[in-house]
file target_1.cif (mmCIF, C-alpha atoms; chains and numbers go by the auth columns)
data_structure
loop_
_atom_site.group_PDB
_atom_site.id
_atom_site.type_symbol
_atom_site.label_atom_id
_atom_site.label_comp_id
_atom_site.label_asym_id
_atom_site.label_seq_id
_atom_site.Cartn_x
_atom_site.Cartn_y
_atom_site.Cartn_z
_atom_site.B_iso_or_equiv
_atom_site.auth_seq_id
_atom_site.auth_asym_id
ATOM 1 C CA MET A 1 -35.164 -6.254 22.495 0.00 55 A
ATOM 2 C CA ALA A 2 -35.497 -9.462 20.502 0.00 56 A
ATOM 3 C CA THR A 3 -35.709 -7.484 17.241 0.00 57 A
ATOM 4 C CA LYS A 4 -32.649 -5.446 18.163 0.00 58 A
ATOM 5 C CA ALA A 5 -30.679 -8.534 19.107 0.00 59 A
ATOM 6 C CA LYS A 6 -31.577 -10.153 15.797 0.00 60 A
ATOM 7 C CA SER A 7 -30.516 -7.127 13.776 0.00 61 A
ATOM 8 C CA GLU A 8 -27.177 -6.959 15.565 0.00 62 A
ATOM 9 C CA ALA A 9 -26.419 -10.653 15.226 0.00 63 A
ATOM 10 C CA LYS A 10 -23.477 -11.469 12.951 0.00 64 A
ATOM 11 C CA PRO A 11 -24.165 -13.866 10.061 0.00 65 A
ATOM 12 C CA ALA A 12 -22.594 -17.284 10.422 0.00 66 A
ATOM 13 C CA ASP A 13 -19.353 -17.618 8.439 0.00 67 A
ATOM 14 C CA PRO A 14 -19.546 -14.349 6.487 0.00 68 A
ATOM 15 C CA ARG A 15 -16.396 -15.236 4.530 0.00 69 A
ATOM 16 C CA GLY A 16 -17.966 -18.393 3.201 0.00 70 A
ATOM 17 C CA LYS A 17 -21.208 -16.624 2.356 0.00 71 A
ATOM 18 C CA ILE A 18 -19.304 -13.917 0.481 0.00 72 A
ATOM 19 C CA VAL A 19 -17.369 -16.480 -1.555 0.00 73 A
ATOM 20 C CA ASP A 20 -20.597 -18.299 -2.447 0.00 74 A
ATOM 21 C CA ALA A 21 -22.303 -15.047 -3.412 0.00 75 A
ATOM 22 C CA LEU A 22 -19.501 -13.807 -5.662 0.00 76 A
ATOM 23 C CA MET A 23 -19.139 -17.120 -7.487 0.00 77 A
ATOM 24 C CA LYS A 24 -22.929 -17.293 -7.992 0.00 78 A
ATOM 25 C CA LEU A 25 -23.080 -13.759 -9.377 0.00 79 A
ATOM 26 C CA ALA A 26 -20.037 -14.405 -11.574 0.00 80 A
ATOM 27 C CA GLY A 27 -21.983 -17.240 -13.170 0.00 81 A
ATOM 28 C CA GLU A 28 -24.738 -14.788 -14.113 0.00 82 A
ATOM 29 C CA ARG A 29 -22.975 -11.607 -15.290 0.00 83 A
ATOM 30 C CA ARG A 30 -19.641 -10.060 -16.167 0.00 84 A
ATOM 31 C CA PHE A 31 -17.268 -9.798 -13.244 0.00 85 A
ATOM 32 C CA GLU A 32 -16.783 -6.059 -13.816 0.00 86 A
ATOM 33 C CA ASP A 33 -20.526 -5.534 -13.416 0.00 87 A
ATOM 34 C CA ILE A 34 -20.615 -7.050 -9.937 0.00 88 A
ATOM 35 C CA SER A 35 -20.259 -4.476 -7.181 0.00 89 A
ATOM 36 C CA ILE A 36 -19.288 -5.176 -3.607 0.00 90 A
ATOM 37 C CA ARG A 37 -22.790 -4.073 -2.614 0.00 91 A
ATOM 38 C CA ASP A 38 -24.210 -6.680 -4.993 0.00 92 A
ATOM 39 C CA VAL A 39 -22.142 -9.343 -3.260 0.00 93 A
ATOM 40 C CA CYS A 40 -23.276 -8.142 0.161 0.00 94 A
ATOM 41 C CA ARG A 41 -26.925 -8.278 -0.854 0.00 95 A
ATOM 42 C CA GLU A 42 -26.567 -11.750 -2.296 0.00 96 A
ATOM 43 C CA ALA A 43 -24.663 -12.982 0.762 0.00 97 A
ATOM 44 C CA ASP A 44 -26.964 -11.175 3.212 0.00 98 A
ATOM 45 C CA VAL A 45 -24.021 -9.516 4.946 0.00 99 A
ATOM 46 C CA THR A 46 -23.162 -5.891 5.624 0.00 100 A
ATOM 47 C CA LEU A 47 -20.424 -3.843 4.018 0.00 101 A
ATOM 48 C CA ALA A 48 -18.687 -3.967 7.388 0.00 102 A
ATOM 49 C CA ASP A 49 -18.770 -7.770 7.254 0.00 103 A
ATOM 50 C CA PHE A 50 -17.279 -7.698 3.764 0.00 104 A
ATOM 51 C CA ARG A 51 -14.548 -5.280 4.829 0.00 105 A
ATOM 52 C CA ASP A 52 -13.698 -7.453 7.829 0.00 106 A
ATOM 53 C CA SER A 53 -13.484 -10.503 5.584 0.00 107 A
ATOM 54 C CA PHE A 54 -11.861 -9.299 2.343 0.00 108 A
ATOM 55 C CA PRO A 55 -10.246 -6.110 1.032 0.00 109 A
ATOM 56 C CA SER A 56 -11.578 -6.525 -2.526 0.00 110 A
ATOM 57 C CA LYS A 57 -13.448 -8.754 -4.977 0.00 111 A
ATOM 58 C CA GLY A 58 -10.134 -10.128 -6.171 0.00 112 A
ATOM 59 C CA ALA A 59 -9.317 -11.202 -2.634 0.00 113 A
ATOM 60 C CA VAL A 60 -12.594 -13.145 -2.565 0.00 114 A
ATOM 61 C CA LEU A 61 -11.272 -15.172 -5.507 0.00 115 A
ATOM 62 C CA ALA A 62 -8.203 -15.995 -3.443 0.00 116 A
ATOM 63 C CA GLY A 63 -10.572 -17.124 -0.684 0.00 117 A
ATOM 64 C CA PHE A 64 -12.354 -19.336 -3.179 0.00 118 A
ATOM 65 C CA SER A 65 -9.046 -20.903 -4.212 0.00 119 A
ATOM 66 C CA ARG A 66 -8.206 -21.655 -0.575 0.00 120 A
ATOM 67 C CA ARG A 67 -11.641 -23.253 -0.168 0.00 121 A
ATOM 68 C CA ILE A 68 -10.876 -25.603 -3.057 0.00 122 A
ATOM 69 C CA ASP A 69 -7.424 -26.311 -1.591 0.00 123 A
ATOM 70 C CA ARG A 70 -8.995 -27.332 1.674 0.00 124 A
ATOM 71 C CA ALA A 71 -11.615 -29.520 0.006 0.00 125 A
ATOM 72 C CA VAL A 72 -8.839 -31.449 -1.751 0.00 126 A
ATOM 73 C CA LEU A 73 -6.347 -31.601 1.109 0.00 127 A
ATOM 74 C CA ALA A 74 -8.972 -32.690 3.655 0.00 128 A
ATOM 75 C CA GLN A 75 -9.690 -35.880 1.728 0.00 129 A
ATOM 76 C CA ASP A 76 -8.183 -39.146 2.867 0.00 130 A
ATOM 77 C CA GLY A 77 -4.942 -39.754 1.010 0.00 131 A
ATOM 78 C CA ASP A 78 -4.514 -43.381 2.059 0.00 132 A
ATOM 79 C CA GLU A 79 -6.158 -44.659 -1.116 0.00 133 A
ATOM 80 C CA LEU A 80 -3.419 -42.949 -3.120 0.00 134 A
ATOM 81 C CA ALA A 81 -0.595 -44.474 -1.099 0.00 135 A
ATOM 82 C CA ASP A 82 0.061 -47.339 -3.542 0.00 136 A
ATOM 83 C CA GLU A 83 0.155 -45.075 -6.607 0.00 137 A
ATOM 84 C CA ASN A 84 3.293 -43.611 -8.121 0.00 138 A
ATOM 85 C CA PRO A 85 3.787 -39.840 -7.798 0.00 139 A
ATOM 86 C CA ARG A 86 2.471 -39.089 -11.295 0.00 140 A
ATOM 87 C CA GLU A 87 -0.745 -41.041 -10.652 0.00 141 A
ATOM 88 C CA ARG A 88 -1.181 -39.372 -7.281 0.00 142 A
ATOM 89 C CA LEU A 89 -0.867 -35.910 -8.834 0.00 143 A
ATOM 90 C CA PHE A 90 -3.322 -36.910 -11.578 0.00 144 A
ATOM 91 C CA ASP A 91 -5.907 -38.002 -8.996 0.00 145 A
ATOM 92 C CA ILE A 92 -5.353 -34.949 -6.795 0.00 146 A
ATOM 93 C CA LEU A 93 -5.859 -32.537 -9.681 0.00 147 A
ATOM 94 C CA MET A 94 -9.009 -34.426 -10.709 0.00 148 A
ATOM 95 C CA ARG A 95 -10.235 -34.052 -7.132 0.00 149 A
ATOM 96 C CA ARG A 96 -9.611 -30.345 -7.469 0.00 150 A
ATOM 97 C CA LEU A 97 -11.798 -30.171 -10.562 0.00 151 A
ATOM 98 C CA GLU A 98 -14.480 -32.168 -8.767 0.00 152 A
ATOM 99 C CA ALA A 99 -14.461 -29.645 -5.913 0.00 153 A
ATOM 100 C CA MET A 100 -14.774 -26.803 -8.437 0.00 154 A
ATOM 101 C CA ALA A 101 -17.688 -28.378 -10.330 0.00 155 A
ATOM 102 C CA PRO A 102 -20.511 -26.603 -8.406 0.00 156 A
ATOM 103 C CA TYR A 103 -18.935 -23.242 -9.321 0.00 157 A
ATOM 104 C CA ARG A 104 -18.218 -24.028 -12.975 0.00 158 A
ATOM 105 C CA GLU A 105 -19.895 -21.015 -14.576 0.00 159 A
ATOM 106 C CA GLY A 106 -18.440 -18.688 -11.965 0.00 160 A
ATOM 107 C CA VAL A 107 -14.983 -20.107 -12.688 0.00 161 A
ATOM 108 C CA ARG A 108 -15.571 -19.555 -16.408 0.00 162 A
ATOM 109 C CA GLU A 109 -16.356 -15.854 -15.944 0.00 163 A
ATOM 110 C CA THR A 110 -13.628 -15.170 -13.399 0.00 164 A
ATOM 111 C CA GLY A 111 -11.117 -16.756 -15.789 0.00 165 A
ATOM 112 C CA ALA A 112 -12.366 -14.502 -18.589 0.00 166 A
ATOM 113 C CA TRP A 113 -12.077 -11.478 -16.292 0.00 167 A
ATOM 114 C CA LEU A 114 -8.503 -12.359 -15.399 0.00 168 A
ATOM 115 C CA ARG A 115 -7.634 -12.495 -19.105 0.00 169 A
ATOM 116 C CA ARG A 116 -9.093 -8.998 -19.440 0.00 170 A
ATOM 117 C CA GLU A 117 -7.207 -7.681 -16.398 0.00 171 A
ATOM 118 C CA PRO A 118 -3.458 -8.452 -16.577 0.00 172 A
ATOM 119 C CA ALA A 119 -2.679 -6.905 -13.177 0.00 173 A
ATOM 120 C CA ALA A 120 -5.326 -9.058 -11.505 0.00 174 A
ATOM 121 C CA ALA A 121 -4.043 -12.086 -13.406 0.00 175 A
ATOM 122 C CA LEU A 122 -0.531 -11.520 -12.048 0.00 176 A
ATOM 123 C CA ALA A 123 -1.861 -11.321 -8.503 0.00 177 A
ATOM 124 C CA MET A 124 -3.980 -14.435 -9.009 0.00 178 A
ATOM 125 C CA ASN A 125 -0.970 -16.277 -10.391 0.00 179 A
ATOM 126 C CA GLN A 126 0.620 -16.026 -6.951 0.00 180 A
ATOM 127 C CA VAL A 127 -2.494 -17.586 -5.432 0.00 181 A
ATOM 128 C CA VAL A 128 -2.403 -20.428 -7.958 0.00 182 A
ATOM 129 C CA LEU A 129 1.288 -21.017 -7.262 0.00 183 A
ATOM 130 C CA GLY A 130 0.461 -21.477 -3.585 0.00 184 A
ATOM 131 C CA SER A 131 -2.333 -23.902 -4.432 0.00 185 A
ATOM 132 C CA MET A 132 -0.140 -25.930 -6.779 0.00 186 A
ATOM 133 C CA ARG A 133 2.582 -26.113 -4.147 0.00 187 A
ATOM 134 C CA PHE A 134 0.146 -27.827 -1.785 0.00 188 A
ATOM 135 C CA MET A 135 -1.136 -30.130 -4.546 0.00 189 A
ATOM 136 C CA LEU A 136 2.444 -31.282 -5.087 0.00 190 A
ATOM 137 C CA GLU A 137 2.880 -31.763 -1.335 0.00 191 A
ATOM 138 C CA ALA A 138 -0.273 -33.884 -1.264 0.00 192 A
ATOM 139 C CA ALA A 139 1.162 -36.001 -4.096 0.00 193 A
ATOM 140 C CA GLY A 140 4.451 -36.405 -2.236 0.00 194 A
ATOM 141 C CA LEU A 141 6.437 -34.579 -4.918 0.00 195 A
ATOM 142 C CA GLU A 142 9.433 -32.421 -4.045 0.00 196 A
ATOM 143 C CA LEU A 143 10.022 -29.189 -5.941 0.00 197 A
ATOM 144 C CA GLY A 144 13.544 -28.462 -4.835 0.00 198 A
ATOM 145 C CA ASP A 145 14.914 -25.067 -3.890 0.00 199 A
ATOM 146 C CA GLY A 146 15.974 -22.048 -5.880 0.00 200 A
ATOM 147 C CA ALA A 147 15.209 -21.104 -9.459 0.00 201 A
ATOM 148 C CA ALA A 148 14.681 -24.687 -10.613 0.00 202 A
ATOM 149 C CA GLY A 149 11.901 -25.221 -8.083 0.00 203 A
ATOM 150 C CA ALA A 150 10.261 -21.924 -9.019 0.00 204 A
ATOM 151 C CA ILE A 151 10.325 -22.843 -12.721 0.00 205 A
ATOM 152 C CA LYS A 152 8.708 -26.214 -12.041 0.00 206 A
ATOM 153 C CA LEU A 153 5.979 -24.644 -9.908 0.00 207 A
ATOM 154 C CA GLN A 154 5.190 -21.983 -12.498 0.00 208 A
ATOM 155 C CA GLY A 155 5.072 -24.653 -15.175 0.00 209 A
ATOM 156 C CA LEU A 156 2.473 -26.595 -13.210 0.00 210 A
ATOM 157 C CA ALA A 157 0.428 -23.425 -12.666 0.00 211 A
ATOM 158 C CA LEU A 158 0.381 -22.745 -16.423 0.00 212 A
ATOM 159 C CA ALA A 159 -0.517 -26.365 -17.135 0.00 213 A
ATOM 160 C CA TRP A 160 -3.363 -26.122 -14.628 0.00 214 A
ATOM 161 C CA ALA A 161 -4.771 -23.100 -16.457 0.00 215 A
ATOM 162 C CA ARG A 162 -4.825 -25.095 -19.706 0.00 216 A
ATOM 163 C CA ILE A 163 -6.466 -28.061 -17.986 0.00 217 A
ATOM 164 C CA VAL A 164 -9.187 -25.855 -16.516 0.00 218 A
ATOM 165 C CA GLY A 165 -9.802 -24.353 -19.963 0.00 219 A
ATOM 166 C CA VAL A 166 -10.484 -27.813 -21.396 0.00 220 A
ATOM 167 C CA TRP A 167 -12.588 -28.798 -18.361 0.00 221 A
ATOM 168 C CA LEU A 168 -14.871 -25.790 -18.767 0.00 222 A
ATOM 169 C CA ASP A 169 -15.897 -26.973 -22.249 0.00 223 A
ATOM 170 C CA ASP A 170 -15.932 -30.712 -21.546 0.00 224 A
ATOM 171 C CA ASP A 171 -19.563 -31.866 -21.725 0.00 225 A
ATOM 172 C CA ASP A 172 -18.756 -35.518 -21.236 0.00 226 A
ATOM 173 C CA PRO A 173 -19.949 -36.669 -17.767 0.00 227 A
ATOM 174 C CA GLY A 174 -16.822 -38.818 -17.573 0.00 228 A
ATOM 175 C CA LEU A 175 -14.608 -35.802 -18.406 0.00 229 A
ATOM 176 C CA SER A 176 -12.733 -37.797 -21.031 0.00 230 A
ATOM 177 C CA LYS A 177 -11.310 -34.701 -22.769 0.00 231 A
ATOM 178 C CA THR A 178 -10.210 -33.243 -19.448 0.00 232 A
ATOM 179 C CA MET A 179 -8.477 -36.422 -18.352 0.00 233 A
ATOM 180 C CA ALA A 180 -6.734 -36.719 -21.717 0.00 234 A
ATOM 181 C CA GLU A 181 -5.518 -33.115 -21.432 0.00 235 A
ATOM 182 C CA LEU A 182 -4.367 -33.699 -17.853 0.00 236 A
ATOM 183 C CA ASP A 183 -2.439 -36.778 -18.981 0.00 237 A
ATOM 184 C CA ARG A 184 -0.798 -34.799 -21.803 0.00 238 A
ATOM 185 C CA GLU A 185 0.133 -31.937 -19.495 0.00 239 A
ATOM 186 C CA LEU A 186 1.681 -34.276 -16.933 0.00 240 A
ATOM 187 C CA THR A 187 3.685 -36.024 -19.664 0.00 241 A
ATOM 188 C CA ARG A 188 4.837 -32.670 -21.015 0.00 242 A
ATOM 189 C CA GLY A 189 5.628 -31.561 -17.470 0.00 243 A
ATOM 190 C CA GLU A 190 7.769 -34.628 -16.800 0.00 244 A
ATOM 191 C CA ARG A 191 9.902 -33.863 -19.850 0.00 245 A
ATOM 192 C CA ALA A 192 10.182 -30.205 -18.867 0.00 246 A
ATOM 193 C CA VAL A 193 11.153 -31.059 -15.296 0.00 247 A
ATOM 194 C CA ALA A 194 13.839 -33.439 -16.558 0.00 248 A
ATOM 195 C CA GLY A 195 15.219 -30.631 -18.718 0.00 249 A
ATOM 196 C CA VAL A 196 15.196 -28.169 -15.825 0.00 250 A
ATOM 197 C CA ASP A 197 16.978 -30.684 -13.589 0.00 251 A
ATOM 198 C CA ARG A 198 19.642 -31.310 -16.236 0.00 252 A
ATOM 199 C CA LEU A 199 20.174 -27.591 -16.725 0.00 253 A
ATOM 200 C CA ASN A 200 20.346 -27.102 -12.972 0.00 254 A
ATOM 201 C CA ASP A 201 22.980 -29.844 -12.702 0.00 255 A
ATOM 202 C CA LEU A 202 24.997 -28.407 -15.596 0.00 256 A
ATOM 203 C CA THR A 203 25.040 -24.897 -14.179 0.00 257 A
ATOM 204 C CA ALA A 204 25.729 -25.939 -10.562 0.00 258 A
ATOM 205 C CA PRO A 205 29.566 -25.682 -10.898 0.00 259 A
ATOM 206 C CA PHE A 206 29.275 -22.219 -12.465 0.00 260 A
ATOM 207 C CA ARG A 207 26.936 -21.051 -9.697 0.00 261 A
ATOM 208 C CA ALA A 208 29.378 -22.353 -7.096 0.00 262 A
ATOM 209 C CA LEU A 209 32.256 -20.570 -8.864 0.00 263 A
ATOM 210 C CA ALA A 210 30.300 -17.309 -9.004 0.00 264 A
ATOM 211 C CA GLU A 211 29.402 -17.575 -5.305 0.00 265 A
ATOM 212 C CA ALA A 212 33.041 -18.253 -4.410 0.00 266 A
ATOM 213 C CA ALA A 213 34.183 -15.249 -6.458 0.00 267 A
ATOM 214 C CA PHE A 214 31.590 -13.057 -4.788 0.00 268 A
ATOM 215 C CA ASP A 215 32.660 -14.221 -1.324 0.00 269 A
ATOM 216 C CA ALA A 216 36.318 -13.596 -2.205 0.00 270 A
ATOM 217 C CA ARG A 217 35.553 -10.035 -3.332 0.00 271 A
ATOM 218 C CA ARG A 218 33.556 -9.392 -0.186 0.00 272 A
ATOM 219 C CA ARG A 219 36.362 -10.680 2.052 0.00 273 A
ATOM 220 C CA LEU A 220 38.926 -8.574 0.159 0.00 274 A
ATOM 221 C CA ARG A 221 36.715 -5.472 0.494 0.00 275 A
ATOM 222 C CA ASP A 222 36.233 -6.072 4.222 0.00 276 A
ATOM 223 C CA ARG A 223 39.963 -6.606 4.748 0.00 277 A
ATOM 224 C CA SER A 224 40.813 -3.426 2.815 0.00 278 A
ATOM 225 C CA HIS A 225 38.338 -1.491 4.930 0.00 279 A
ATOM 226 C CA ARG A 226 39.864 -2.798 8.179 0.00 280 A
ATOM 227 C CA VAL A 227 43.386 -1.869 7.004 0.00 281 A
ATOM 228 C CA ARG A 228 42.273 1.624 6.005 0.00 282 A
ATOM 229 C CA VAL A 229 40.552 2.235 9.353 0.00 283 A
ATOM 230 C CA LYS A 230 43.620 0.965 11.210 0.00 284 A
ATOM 231 C CA THR A 231 46.044 3.215 9.313 0.00 285 A
ATOM 232 C CA GLU A 232 43.920 6.332 8.841 0.00 286 A
ATOM 233 C CA GLY A 233 41.715 6.207 11.883 0.00 287 A
ATOM 234 C CA PRO A 234 37.894 6.264 11.978 0.00 288 A
ATOM 235 C CA GLU A 235 36.124 9.147 10.302 0.00 289 A
ATOM 236 C CA THR A 236 33.929 11.638 12.148 0.00 290 A
ATOM 237 C CA ASP A 237 30.517 12.689 10.936 0.00 291 A
ATOM 238 C CA ASP A 238 32.004 15.727 9.160 0.00 292 A
ATOM 239 C CA GLY A 239 34.505 13.584 7.210 0.00 293 A
ATOM 240 C CA GLY A 240 37.558 14.328 9.431 0.00 294 A
ATOM 241 C CA GLU A 241 39.378 11.881 11.642 0.00 295 A
ATOM 242 C CA ALA A 242 38.126 11.458 15.173 0.00 296 A
ATOM 243 C CA SER A 243 40.363 12.972 17.829 0.00 297 A
ATOM 244 C CA ALA A 244 41.541 10.893 20.722 0.00 298 A
ATOM 245 C CA ALA A 245 39.607 11.375 23.916 0.00 299 A
#
call {"tool": "encode", "arguments": {"input": "target_1.cif", "output": "C-alpha cells"}}
result
Amino acid sequence: MATKAKSEAKPADPRGKIVDALMKLAGERRFEDISIRDVCREADVTLADFRDSFPSKGAVLAGFSRRIDRAVLAQDGDELADENPRERLFDILMRRLEAMAPYREGVRETGAWLRREPAAALAMNQVVLGSMRFMLEAAGLELGDGAAGAIKLQGLALAWARIVGVWLDDDDPGLSKTMAELDRELTRGERAVAGVDRLNDLTAPFRALAEAAFDARRRLRDRSHRVRVKTEGPETDDGGEASAA
C-alpha cells in the first residue's frame, strides 16, 4: 500500500519543476531538440502533469516569464520611492535581469529559438508586452490609453530585447555594458515617448472630428431607417410587408 501511495502521489509544484527543467535543458541543447518527454523526465513529472500544467513548450516559456515577473514585483519597492520614474524603471529592469541570471544559458537558447521561429516570436511578444506593462506599473509610470499607449509599450518590449542581448554577452560582474545599454535605451525611449505624445496631441482634433462625423452618419442612418419603417411598414421574413393582425 505504501508503494502504491507513493507512486500515485503528485509531485510538489509540477509547474515550477517543468519550468526549471525546460530552462535547464535549453541551456544544454537546441530548443527544437527538446521533447516534452525530455522535459517530463528532467522534471520527474508525468505527461499528464505536463498536460495539466501547460499546453506546449512555448507555454512553459510564458510561465518562466511570469516567474520572473513575480520575482521582481514581490520585492519591496519602498527603497525606490525617492527615485524619479526613470531611475525606478532602471532599477526594476536591473532586478529583472538579476532574477534571470540563474537561467542565463537557457535564456540565450530560447532567444535564439524565437529568432528561428517567427510565429513563436509573435506569441512571445504578447507575453513580453504583459511583463513590461507590470514593470511600468511597478515604476509608477502611466502608459495612457489607445494607440499611443500601445506604441510606447511595444517600444519598451523591443528595447528590452536589445538590453537582454547585451546582457547575455556581458562578462563584467558589475554588468557595466548592460547598464550602459539600459541607460541608452531609456534615453532613446524618453525621446520616442515625447514624440508619440506630441503626435497624439496633434492628431487629437482630427480624431475627434472623425468620431463626430461617424456618429453623425450613424444617427442619420438610424433616422432614415426609422422613417422608412414608419412609412413602408416592417418587412416579413419573405421580404413582403407584414399584415395587420
call {"tool": "closest_residue", "arguments": {"input": "target_1.cif", "among": "A:Glu244, A:Glu82, A:Asp225, A:Asp74", "to": "Glu159 in chain A", "atoms": "only C-alpha atoms"}}
result
A:Glu82
call {"tool": "axis_aligned_box", "arguments": {"input": "target_1.cif", "around": "range 112-128 of chain A", "padding_each_side": "4 Å", "output": "JSON"}}
result
{"center_x": -9.5, "center_y": -21.4, "center_z": -1.3, "size_x": 14.2, "size_y": 30.6, "size_z": 17.8}
call {"tool": "closest_residue", "arguments": {"input": "target_1.cif", "among": "A:Leu147, A:Ala173, A:Leu168, A:Leu236", "to": "Ala192 in chain A", "atoms": "all atoms listed in the file"}}
result
A:Leu147
call {"tool": "resolve_selection", "arguments": {"input": "target_1.cif", "expression": "the PyMOL selection byres ((chain A and resi 127) around 10)", "output": "PyMOL selection string"}}
result
chain A and resi 121-126+128-131+146+149-150+188-189+191-192
call {"tool": "atom_distance", "arguments": {"input": "target_1.cif", "atom1": "CA of Ile88 in chain A", "atom2": "CA of Ala177 in chain A"}}
result
19.3 Å
